[in-house]
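Only one structure is covered here, and it is reproduced in the block below.
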Amino acid sequence: MSSLRELQQRAYRAIALDEHVSLGVGSVDRASARLAVYRNNARVTFEKTLAATYPVLQRLVGEPCFRGLARELARDFPSRSGDLGRFGAELASLLEIYYRDTTFAYLADVARLEWAYAEAETAADAAPLDLRALAEVDPDEYSGLRFVPHPSSRFVTSRYPVLSIWEAHQLDDVRPVALGAGAEHVLLLRSTAEVRLHGLDTGTFAFARSLADGETLEDAHETALAAAEHFDLNTALARFAALNLFTDFRR
Amino acid sequence: MDAFVPPRALAAPIPASAGIGLRSAHQRAFLEGHPPAAWLEVHSENYFARGGAGHAALSRIRHDYPVSFHGVGLSLGSTDALDRAHLRRLREILDRYEPGLVSEHLSWSSVGGRYLNDLLPLPATREALEIVVLHVDETQEALGRPILLENVSSYLRFAAEMPEACFMVEVAQRTGCGILLDVNNLYVNERNHGASAAAFIDAVPAELVGEIHLAGHSVQEYGGEEIVVDTHNARVCAAVWKLYARAIQRIGRVPTLIEWDSELPPLSVLLEEANQADRIMGMRHELAA
């Protein structure tokens with residue numbers, strides 16, 4: 001093994017994992033004081049990155065707990081890219097491990113929602129569906145149509161009221177949300193500059209997600225009816241058109 | 001949108017005057033008005049996003065200001081192979097924005113695929129030099145353009161086989177890359193390790209320097225020892241201005257950037273700092289005339 005590789009591995013362990021390893025630089029005390037600067041840099045970098053991605057979660061658990069989560073995440077799921085925008089994807093998985101079957105189980109879903117938000121924010125731009133092109137399609141062909149979702153569309157479903165929790169924490173004075181208020185299904189979409197969160201009923205959510213997954217209009221309609229028997233196709237399609245959920249279609 | 005890619009000839013060159021780093025808090029000022037900055041520098045990785053508000057803003061701003069792309073994530077000094085996906089994405093955004101300058105750091109941040117996302121110092125050894133030369137060659141090949149390489153600040157100093165300036169100059173001479181001379185980093189290292197900043201400046205051939213960085217720092221206490229930390233959160237200090245004047249005296253006018261990354265002040269403070277750099281470049285001009 002090259003000596004530089006060994007030095008980099010030792011330095012990584014010393015900085016990221018707080019291990020006491022010799023780097024062969026000056027006295028032990030002096031080196032450890034200097035290493036503390038790098039440890040602090042790494043800690044602050046990962047904390048700040050995570051706080052920017054998960055502001056609601058940070059408010060929910062409080063700063064000391066959030067700092068602890070950032071430390072655990074950096075240790076268990078270290079950054080794998082020079083692009084910090086990709087750090088933190090696994091926070092929901094970590095929370096699931098910690099809090100499954102506890103009253104804090106909803107935190108993993110909040111994290112999932114916030115990660116989806118970050119993804120929607122940075123997804124590619126795309127022009128909305130040209131409805132005139134759709135008007136030219138022979139009605140006999142409707143059932144076989146497939147739609148291309150906007151690159152920023154993300155779907156998050158939870159047995160907790162995650163959207164209500166998220167919305168409540170956009171304000172300085174947080175009004176309480178009853179955790180037992182029931183499931184919420186969220187479509188995230190950035191059709192203009194900003195990401196918007198839309199609460200959908202069970203049928204509409206199932207329909208949107210099936211279409212986004214590439215199912216035909218007919219199959220997605222069946223999926224929606226199976227999820228909610230009073231699902232109304234036309235209402236849902238009108239809503240998707242208003243939201244610019246789709247950018248194109250294929251026959 | 002990734003649609004329009006202007007031809008290479010339209011890229012605005014970075015003028016030999018002082019610019020500032022474009023930070024998101026100041027973005028609106030550049031969209032709504034025309035603050036008097038000669039040019040702007042952005043962090044490359046901030047535009048790795050496929051779309052969204054950042055791209056929309058920069059697409060407009062680049063029409064009014066020359067733009068430079070400054071990377072922090074390539075880890076050129078790592079013993080790992082370079083991240084090809086990172087290089088490909090960087091190439092895509094450079095082709096889209098056609099910046100006047102592209103730069104990265106003479107440092108490492110990853111080993112075994114794990115990143116500290118920091119600019120860690122390299123030992124000035126032959127072994128490290130060969131790795132950096134290989135990676136700079138590979139980067140310039142992948143990006144289809146030369147880069148500038150920046151000297152970093154450090155808190156640890158590893159056993160060296162040559163002076164750092166010689167290491168840097170040899171990399172530049174062998175790869176054809178230029179040097180981004182960060183004068184504040186030289187000063188930070190002088191305070192932390194006693195390495196002479198002036199000697200470094202004097203050892204770099206003027207024609208290799210394509211850009212200078214200036215920034216503020218802070219003094220922090222670690223384990224009873226005062227360490228100068230490169231925090232980019234303050235005005236450029238008097239000693240760094242003096243070193244900058246020395247560099248300008250040697251090198252001549254060169255694109256100079258005021259970097260400020262945390263505890264961001266109003267835009268006017270950054271522009272004042274840039275004016276100060278311009279004044280120093282002007283004085284050199286007068287002396288030469």
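Identifiers in this document derive from the order of the structure tokens: chains are assigned A, B, ..., residues are numbered from 1 separately in each chain, and ligands are numbered from 1 in order of occurrence.
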
Using only C-alpha atoms, which protein or nucleic acid residues come within 7 Å of range 110-125 of chain A? Drop anything in the same chain fewer than 4 positions from it, and give the result as an MDAnalysis selection string. (chainID A and resid 53:54 57 89 91:92 106 151:154 156 162 188:190 195) or (chainID B and resid 1 49:52)

Output for the residues just chosen: C-alpha atoms as a short mmCIF file (atom, residue, chain, number, x, y, z; two decimals), in the first residue's frame:
```cif
data_model
loop_
_atom_site.label_atom_id
_atom_site.label_comp_id
_atom_site.auth_asym_id
_atom_site.auth_seq_id
_atom_site.Cartn_x
_atom_site.Cartn_y
_atom_site.Cartn_z
CA THR A 53 -32.43 19.66 3.92
CA TYR A 54 -34.47 18.75 7.00
CA LEU A 57 -37.35 17.51 11.36
CA ALA A 89 -30.65 10.54 1.73
CA LEU A 91 -31.89 9.84 7.29
CA ALA A 92 -35.38 8.31 7.00
CA TYR A 106 -43.78 9.40 12.22
CA PRO A 151 -39.18 15.29 -13.45
CA SER A 152 -39.76 17.04 -10.11
CA SER A 153 -42.86 15.01 -9.15
CA ARG A 154 -42.45 12.95 -5.98
CA VAL A 156 -44.99 10.43 -0.32
CA VAL A 162 -47.21 14.38 7.42
CA LEU A 188 -44.66 17.24 -4.46
CA LEU A 189 -44.20 19.20 -7.65
CA ARG A 190 -42.08 22.09 -8.88
CA VAL A 195 -41.82 23.23 -4.89
CA MET B 1 -33.54 23.91 -19.05
CA ALA B 49 -28.82 20.11 -9.61
CA ARG B 50 -30.56 19.23 -12.90
CA GLY B 51 -32.84 22.26 -12.79
CA GLY B 52 -34.61 24.64 -10.45
#
```

Define the interface residues of chain A facing chain B as those within 8 Å, counting only C-alpha atoms, and report them as an MDAnalysis selection string. chainID A and resid 4:5 8:9 12 16 23:25 31 33:38 41:42 45 78:85 121:126 193:194

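Here CA of Ile201 in chain B is placed at a distance of 6.1 Å from CA of Ala247 in chain B.
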
Check the DSSP output for the backbone and give back, as number ranges by chain, the residues of range 81-220 of chain B in strand (DSSP E or B). B: 101-105, 108-111, 114-120, 148-150, 178-182, 209-215, 218-220

Any idea what's packed within 12 Å of Thr247 in chain A, counting only C-alpha atoms, ignoring anything in its chain fewer than 6 positions away? Could you give it as a PyMOL selection string? chain A and resi 124-131+133-134+146-153+191+212+240-241

Counting only C-alpha atoms, what is within 12 Å of Glu170 in chain B, bar same-chain residues fewer than 5 positions away, as a list in words? Ala124, Thr125, Arg126, Ala128, Leu129, Glu130, Val132, Val133, Val136, Leu149, Met162, Pro163, Glu164, Ala165, Thr175, Gly176, Cys177, Gly178, Ile179, Ala203, Val204, Pro205 and Leu208 of chain B

For the selection you just gave me, I'd like the residues written to a file as a short mmCIF file (atom, residue, chain, number, x, y, z; two decimals), in the first residue's frame, keeping C-alpha atoms.
```cif
data_model
loop_
_atom_site.label_atom_id
_atom_site.label_comp_id
_atom_site.auth_asym_id
_atom_site.auth_seq_id
_atom_site.Cartn_x
_atom_site.Cartn_y
_atom_site.Cartn_z
CA ALA B 124 4.52 17.80 -0.45
CA THR B 125 6.06 14.49 -1.55
CA ARG B 126 7.00 13.02 -4.94
CA ALA B 128 1.56 12.95 -3.92
CA LEU B 129 2.87 15.03 -6.79
CA GLU B 130 2.59 12.13 -9.26
CA VAL B 132 -2.02 15.13 -8.52
CA VAL B 133 -0.37 15.41 -11.95
CA VAL B 136 -5.15 17.15 -13.14
CA LEU B 149 -5.35 24.89 -9.08
CA MET B 162 9.99 19.84 -1.13
CA PRO B 163 8.62 23.34 -0.50
CA GLU B 164 4.89 23.60 -1.24
CA ALA B 165 5.41 26.29 -3.87
CA THR B 175 -0.05 19.56 -16.68
CA GLY B 176 -0.44 23.01 -18.23
CA CYS B 177 -2.89 24.05 -15.50
CA GLY B 178 -2.69 27.52 -14.02
CA ILE B 179 -2.39 28.58 -10.40
CA ALA B 203 8.58 31.37 -5.82
CA VAL B 204 5.62 31.25 -8.21
CA PRO B 205 6.35 32.33 -11.80
CA LEU B 208 1.35 30.73 -14.12
#
```

Per-residue DSSP, range 147-191 of chain A, filtered to helix (DSSP H, G or I), as a list in words: Val162, Leu163, Ser164, Ile165, Trp166, Glu167, Ala168, Leu179, Gly180 and Ala181 of chain A

Any chance you can output those residues with C-alpha atoms as a PDB file, in the first residue's frame?
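Writing the result to result_7.pdb gives the following:
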```pdb
ATOM      1  CA  VAL A 162     -47.208  14.380   7.422  1.00  0.00           C
ATOM      2  CA  LEU A 163     -48.418  17.217   5.227  1.00  0.00           C
ATOM      3  CA  SER A 164     -50.248  18.878   8.132  1.00  0.00           C
ATOM      4  CA  ILE A 165     -47.104  18.517  10.254  1.00  0.00           C
ATOM      5  CA  TRP A 166     -44.938  19.978   7.484  1.00  0.00           C
ATOM      6  CA  GLU A 167     -47.333  22.895   6.924  1.00  0.00           C
ATOM      7  CA  ALA A 168     -47.618  23.648  10.634  1.00  0.00           C
ATOM      8  CA  LEU A 179     -50.763  12.488  15.263  1.00  0.00           C
ATOM      9  CA  GLY A 180     -53.853  10.291  15.176  1.00  0.00           C
ATOM     10  CA  ALA A 181     -55.537  12.486  12.531  1.00  0.00           C
TER      11      ALA A 181
END
```
